[in-house]
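S.K.: To start, I am sharing the structure in question, which I have written as structure tokens.
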Amino acid sequence: MCFQANNKSVASLIIIFFLMIYAKMTFADITTSNVTFAEAVQAVKDKDYQHAVNLFELQAFAAQHDAQYNLALLLKSGKGRPQNYQQALFWAWSAYLGGIEPAKELSDELKKLLPEDSLKMTRENVVDILQDQINAGDRSALMELALFYREVAEQPNFEEAYMWYSIASAFLIDGAISERDEAASSIEPKSIVELQDRAGKIFEKLSPIK
């Protein structure tokens, strides 16, 4: 009897310990925590898909790209939430722009399942979110927006890609200079001056943000 009581006491202390940890975690900690992501992955393994979707979605909105990809997979398959190809494509594109390579194949599959008006709306939503992130000081979103114009836009827009890569280059973001120069090779020289002027004005607005 004493042994069982001790076990219960230890278990209670462990529960209390973890509750104290979670109580000290801020909302930002939860949305970016590896613990939260691991819990979502385990929920998938346990076939508790609704819990997995909720956790992945929490992190997806915090620009956690691996969570965005997993959320897209669940929304495509209709596990834990009714199937929603448009939302799945939004998160698949977001994940790909954030560097998750398998998300490109998933995006291509989802594009075939949606009408043109849904594709247009989803592209607009992706741009809006990235613009909001940039205005909030997330400089990594500069590279993502540039890649959007190069690969996700309905037609490659090297002018817009060049401009956003130029801004990212000014902030010394890794890889931005080579991408900027590659985009420039696909642009008419007469357009460069206007694009550089636009990039300079946007950079001045963003540069005070830390």
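We name chains A, B, ... following the order of the structure tokens; residues begin at 1 in each chain, and ligands are numbered from 1 as shown.
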Hey, what's within 8 Å of Ala161 (chain A) if we count only C-alpha atoms and toss same-chain stuff fewer than 2 positions away? As a PyMOL selection string, please?
M.R.: chain A and resi 145-150+157-159+163-165+180+183
S.K.: With C-alpha atoms retained, could you export that selection as a PDB file, in the first residue's frame?
M.R.:
ATOM      1  CA  LEU A 145       7.850  37.087 -50.765  1.00  0.00           C
ATOM      2  CA  ALA A 146      10.568  37.279 -53.405  1.00  0.00           C
ATOM      3  CA  LEU A 147      10.340  33.514 -53.926  1.00  0.00           C
ATOM      4  CA  PHE A 148       6.570  33.821 -54.173  1.00  0.00           C
ATOM      5  CA  TYR A 149       6.885  36.172 -57.139  1.00  0.00           C
ATOM      6  CA  ARG A 150       9.480  33.959 -58.759  1.00  0.00           C
ATOM      7  CA  ASN A 157       7.333  38.016 -61.908  1.00  0.00           C
ATOM      8  CA  PHE A 158      11.085  38.592 -61.904  1.00  0.00           C
ATOM      9  CA  GLU A 159      10.679  42.339 -61.434  1.00  0.00           C
ATOM     10  CA  MET A 163      12.898  44.189 -55.801  1.00  0.00           C
ATOM     11  CA  TRP A 164      12.270  42.076 -52.707  1.00  0.00           C
ATOM     12  CA  TYR A 165      15.592  40.255 -53.075  1.00  0.00           C
ATOM     13  CA  ARG A 180      18.880  39.198 -56.598  1.00  0.00           C
ATOM     14  CA  ALA A 183      16.535  37.683 -60.983  1.00  0.00           C
TER      15      ALA A 183
END
S.K.: Skip His51 (chain A) itself and residues of its chain fewer than 2 positions away, then list as a list in words all residues within 10 Å of it, counting only C-alpha atoms.
M.R.: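 That gives Glu39, Ala40, Val41, Gln42, Ala43, Val44, Lys47, Asp48, Tyr49, Val53, Asn54, Leu55, Phe56, Glu57, Gly80 and Arg81 of chain A.
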S.K.: Can you list, as a ChimeraX atom specification, every residue of region 40-162 of chain A that DSSP puts in alpha helix (DSSP H)?
M.R.: /A:40-45,49-60,65-77,85-97,102-111,116-135,140-147,158-162
S.K.: To one decimal place, how far is CA of Ile100 (chain A) from CA of Gln83 (chain A) in Å?
M.R.: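 Interatomic distance here is 21.8 Å.
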S.K.: Which one of A:Asp117, A:Ala72, A:Ala60, A:Tyr162 sits closest to Ser185 (chain A) if you count only C-alpha atoms?
M.R.: A:Tyr162
S.K.: What separation in Å, quoted to one decimal, exists between CA of Ile177 (chain A) and CA of Tyr69 (chain A)?
M.R.: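 CA of Tyr69 (chain A) lies 27.3 Å from CA of Ile177 (chain A).
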S.K.: For Arg123 (chain A), which of A:Ala103, A:Leu142, A:Ala92, A:Leu73 is the closest residue, counting only C-alpha atoms?
M.R.: A:Ala92
S.K.: So that I can check the surroundings of Gly98 (chain A), please list as number ranges by chain every protein, DNA and RNA residue that reaches within 9 Å of it, counting only C-alpha atoms and ignoring chain neighbours fewer than 2 positions away.
M.R.: A: 63-66, 93-96, 100-101, 140-141, 143-144
S.K.: For the residues selected in the previous step, produce a file with N, CA and C atoms as a PDB file, in the first residue's frame.
M.R.:
ATOM      1  N   ALA A  63       4.207  31.113 -38.150  1.00  0.00           N
ATOM      2  CA  ALA A  63       5.211  30.956 -39.213  1.00  0.00           C
ATOM      3  C   ALA A  63       6.206  29.836 -38.936  1.00  0.00           C
ATOM      4  N   GLN A  64       5.737  28.771 -38.284  1.00  0.00           N
ATOM      5  CA  GLN A  64       6.551  27.569 -38.111  1.00  0.00           C
ATOM      6  C   GLN A  64       6.296  26.678 -39.330  1.00  0.00           C
ATOM      7  N   HIS A  65       7.262  26.637 -40.235  1.00  0.00           N
ATOM      8  CA  HIS A  65       7.000  26.104 -41.566  1.00  0.00           C
ATOM      9  C   HIS A  65       6.802  24.586 -41.586  1.00  0.00           C
ATOM     10  N   ASP A  66       7.473  23.863 -40.713  1.00  0.00           N
ATOM     11  CA  ASP A  66       7.247  22.421 -40.668  1.00  0.00           C
ATOM     12  C   ASP A  66       5.823  22.116 -40.194  1.00  0.00           C
ATOM     13  N   TRP A  93       1.838  26.255 -49.663  1.00  0.00           N
ATOM     14  CA  TRP A  93       2.638  27.320 -50.260  1.00  0.00           C
ATOM     15  C   TRP A  93       3.468  28.042 -49.196  1.00  0.00           C
ATOM     16  N   SER A  94       2.860  28.325 -48.068  1.00  0.00           N
ATOM     17  CA  SER A  94       3.587  29.008 -46.985  1.00  0.00           C
ATOM     18  C   SER A  94       4.778  28.174 -46.535  1.00  0.00           C
ATOM     19  N   ALA A  95       4.566  26.867 -46.415  1.00  0.00           N
ATOM     20  CA  ALA A  95       5.645  25.971 -45.994  1.00  0.00           C
ATOM     21  C   ALA A  95       6.761  25.939 -47.032  1.00  0.00           C
ATOM     22  N   TYR A  96       6.386  25.861 -48.306  1.00  0.00           N
ATOM     23  CA  TYR A  96       7.403  25.817 -49.363  1.00  0.00           C
ATOM     24  C   TYR A  96       8.219  27.108 -49.391  1.00  0.00           C
ATOM     25  N   ILE A 100      10.469  24.365 -46.874  1.00  0.00           N
ATOM     26  CA  ILE A 100      10.100  22.956 -46.765  1.00  0.00           C
ATOM     27  C   ILE A 100       9.899  22.396 -48.175  1.00  0.00           C
ATOM     28  N   GLU A 101      10.903  21.727 -48.701  1.00  0.00           N
ATOM     29  CA  GLU A 101      10.898  21.295 -50.098  1.00  0.00           C
ATOM     30  C   GLU A 101       9.746  20.354 -50.455  1.00  0.00           C
ATOM     31  N   SER A 140      12.866  37.621 -42.551  1.00  0.00           N
ATOM     32  CA  SER A 140      12.922  36.374 -43.304  1.00  0.00           C
ATOM     33  C   SER A 140      11.797  36.316 -44.331  1.00  0.00           C
ATOM     34  N   ALA A 141      10.699  37.017 -44.056  1.00  0.00           N
ATOM     35  CA  ALA A 141       9.563  37.038 -44.983  1.00  0.00           C
ATOM     36  C   ALA A 141       9.905  37.773 -46.278  1.00  0.00           C
ATOM     37  N   MET A 143      12.574  37.238 -48.156  1.00  0.00           N
ATOM     38  CA  MET A 143      12.999  36.182 -49.071  1.00  0.00           C
ATOM     39  C   MET A 143      11.805  35.343 -49.518  1.00  0.00           C
ATOM     40  N   GLU A 144      10.876  35.120 -48.619  1.00  0.00           N
ATOM     41  CA  GLU A 144       9.703  34.315 -48.945  1.00  0.00           C
ATOM     42  C   GLU A 144       8.825  35.027 -49.969  1.00  0.00           C
TER      43      GLU A 144
END
